[in-house]
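A quick write-up on the structure given underneath.
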Amino acid sequence: MDRLVNELIVIDKFSLQPGDVLLSYAAQMMDEPGCETGYCHAAIYLGSGEILESDAQGVKKSSVEDILLAYDHIAVMRSEDIWSSARIEALRDFASRHIGKKFNIRALPRIELLRQLSVENPHQEIIDYFAGRATPVEADRETYFCSELVTSAFIDAGIISESAALLFKPETLMPIDIAQDKVFGFFFGYIPKRSNYVIPSDDWFRSNI
């Protein structure tokens, strides 16, 4: 059952819907590059209690309970009326095609360079795309970082169009980037590690929704 705690929306796993993005928070990770907000992992809900994620073990299905073994709480983002039955089916097909692929261990060391290259001249890339001179962004890859996997799922399902994918290159996005962009949804609620857990007062979503 959903409930309001300290004026925050706290939900349970039964409130999740296919396509919901799950961003995982761990206070102990805030000193790590890219995890300054504490949000350092992204996953996507498939339905029927199953979550698609990529971690050090590779691309796999897991559960809310599995994620909360390693993280303090989950912030859920939802795109209302975006995930049609056809897109949900595409998401599940995407998952079935990618289960077992390896974790992109090279992502973090290279992500800042890739981000810089990506923003140097994005408008020219779009011009080149519509002129037939640019290669479309591939959603199907051999390895995936967590947020790279979620972004690729949105591209594969057609929520991020082929041309828009030039601005949402999966290899350039960190979990906090997903939190900041409404294409991935709006904040829906928190799933805490335990019933007496208190969402930190400086949690990113508390001041950015």
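In the structure tokens, each chain is lettered A, B, ... as it comes, each chain's residues begin at 1, and ligands are numbered from 1 in order of appearance.
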Residue contacts of Ala26 in chain A (6 Å, only C-alpha atoms) excluding same-chain residues fewer than 3 positions away, as an NGL selection string
:A and (29 or 38 or 71-72)
Could the residues in this selection be saved with all heavy atoms as a compact mmCIF listing (two decimals), in the first residue's frame?
# COMPACT_ATOMS: atom_id res chain seq x y z
N MET A 29 28.00 5.39 -1.54
CA MET A 29 28.58 5.53 -2.87
C MET A 29 28.78 6.98 -3.30
O MET A 29 29.28 7.24 -4.39
CB MET A 29 27.67 4.83 -3.90
CG MET A 29 27.55 3.33 -3.73
SD MET A 29 29.09 2.48 -4.14
CE MET A 29 29.13 2.70 -5.92
N GLY A 38 24.21 10.20 -4.76
CA GLY A 38 23.84 8.93 -4.13
C GLY A 38 23.13 7.99 -5.08
O GLY A 38 23.05 6.79 -4.84
N TYR A 71 21.26 -1.47 -1.97
CA TYR A 71 20.99 -0.04 -1.95
C TYR A 71 20.03 0.32 -0.82
O TYR A 71 19.29 -0.52 -0.31
CB TYR A 71 20.43 0.40 -3.31
CG TYR A 71 21.41 0.19 -4.43
CD1 TYR A 71 21.36 -0.98 -5.20
CD2 TYR A 71 22.39 1.12 -4.72
CE1 TYR A 71 22.28 -1.19 -6.22
CE2 TYR A 71 23.31 0.92 -5.74
CZ TYR A 71 23.24 -0.24 -6.48
OH TYR A 71 24.16 -0.46 -7.48
N ASP A 72 20.03 1.61 -0.47
CA ASP A 72 19.23 2.08 0.67
C ASP A 72 17.76 2.31 0.31
O ASP A 72 16.87 1.99 1.09
CB ASP A 72 19.81 3.40 1.21
CG ASP A 72 21.25 3.26 1.65
OD1 ASP A 72 21.64 2.14 2.06
OD2 ASP A 72 22.00 4.25 1.60
Contacts of range 178-192 of chain A at 9 Å or less, counting only C-alpha atoms, minus same-chain residues fewer than 5 places along, as number ranges by chain?
A: 2, 8-13, 20-21, 23, 39, 42, 64, 68, 72-80, 147, 150-151, 154, 159-160, 173, 197-199, 205, 208-209
Using C-alpha atoms, can you export the residues from the last selection as a PDB file, in the first residue's frame?
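To be explicit, this is the file written out as part30.pdb:
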ATOM      1  CA  ASP A   2       1.220   3.499  -0.827  1.00  0.00           C
ATOM      2  CA  LEU A   8       7.068  12.011   0.825  1.00  0.00           C
ATOM      3  CA  ILE A   9       5.332   9.422  -1.321  1.00  0.00           C
ATOM      4  CA  VAL A  10       6.406   5.946  -0.286  1.00  0.00           C
ATOM      5  CA  ILE A  11       5.136   3.085  -2.409  1.00  0.00           C
ATOM      6  CA  ASP A  12       5.526  -0.669  -2.388  1.00  0.00           C
ATOM      7  CA  LYS A  13       6.639  -3.018  -5.144  1.00  0.00           C
ATOM      8  CA  ASP A  20       8.922   2.304 -14.622  1.00  0.00           C
ATOM      9  CA  VAL A  21      12.536   3.389 -14.180  1.00  0.00           C
ATOM     10  CA  LEU A  23      16.998   4.635  -9.634  1.00  0.00           C
ATOM     11  CA  TYR A  39      21.927   7.682  -7.180  1.00  0.00           C
ATOM     12  CA  ALA A  42      19.399   2.470 -12.924  1.00  0.00           C
ATOM     13  CA  VAL A  64      13.045  -5.129  -5.847  1.00  0.00           C
ATOM     14  CA  LEU A  68      17.491  -3.326  -1.914  1.00  0.00           C
ATOM     15  CA  ASP A  72      19.233   2.081   0.674  1.00  0.00           C
ATOM     16  CA  HIS A  73      16.167   3.075  -1.323  1.00  0.00           C
ATOM     17  CA  ILE A  74      14.748   3.239  -4.827  1.00  0.00           C
ATOM     18  CA  ALA A  75      13.265   6.302  -6.520  1.00  0.00           C
ATOM     19  CA  VAL A  76      10.670   5.336  -9.116  1.00  0.00           C
ATOM     20  CA  MET A  77      10.101   7.367 -12.304  1.00  0.00           C
ATOM     21  CA  ARG A  78       7.002   6.808 -14.422  1.00  0.00           C
ATOM     22  CA  SER A  79       5.984   7.875 -17.916  1.00  0.00           C
ATOM     23  CA  GLU A  80       2.184   8.004 -17.860  1.00  0.00           C
ATOM     24  CA  SER A 147      21.908   3.530 -17.432  1.00  0.00           C
ATOM     25  CA  VAL A 150      17.790   1.607 -19.612  1.00  0.00           C
ATOM     26  CA  THR A 151      18.331   4.257 -22.293  1.00  0.00           C
ATOM     27  CA  PHE A 154      13.705   3.345 -24.365  1.00  0.00           C
ATOM     28  CA  ILE A 159       9.961   6.130 -26.886  1.00  0.00           C
ATOM     29  CA  ILE A 160      13.218   7.831 -27.813  1.00  0.00           C
ATOM     30  CA  LEU A 173      24.150   8.956 -19.661  1.00  0.00           C
ATOM     31  CA  TYR A 197      13.942   3.862   6.848  1.00  0.00           C
ATOM     32  CA  VAL A 198      13.990   7.667   6.525  1.00  0.00           C
ATOM     33  CA  ILE A 199      14.613   9.224   3.113  1.00  0.00           C
ATOM     34  CA  PHE A 205      14.241  14.242  -5.666  1.00  0.00           C
ATOM     35  CA  ASN A 208      13.967  18.665  -7.769  1.00  0.00           C
ATOM     36  CA  ILE A 209      10.328  17.632  -8.219  1.00  0.00           C
TER      37      ILE A 209
END
Strand (DSSP E or B) call set, DSSP backbone run, chain A, as a PyMOL selection string
chain A and resi 3-5+8-10+21-25+39-47+50-55+58-62+73-78+102-103+143-144+186-192
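Ranking A:Ala107, A:Ile67, A:Met30, A:Ile127 by their shortest atom-to-atom distance to Glu53 in chain A, with only C-alpha atoms included, puts A:Ile67 first.
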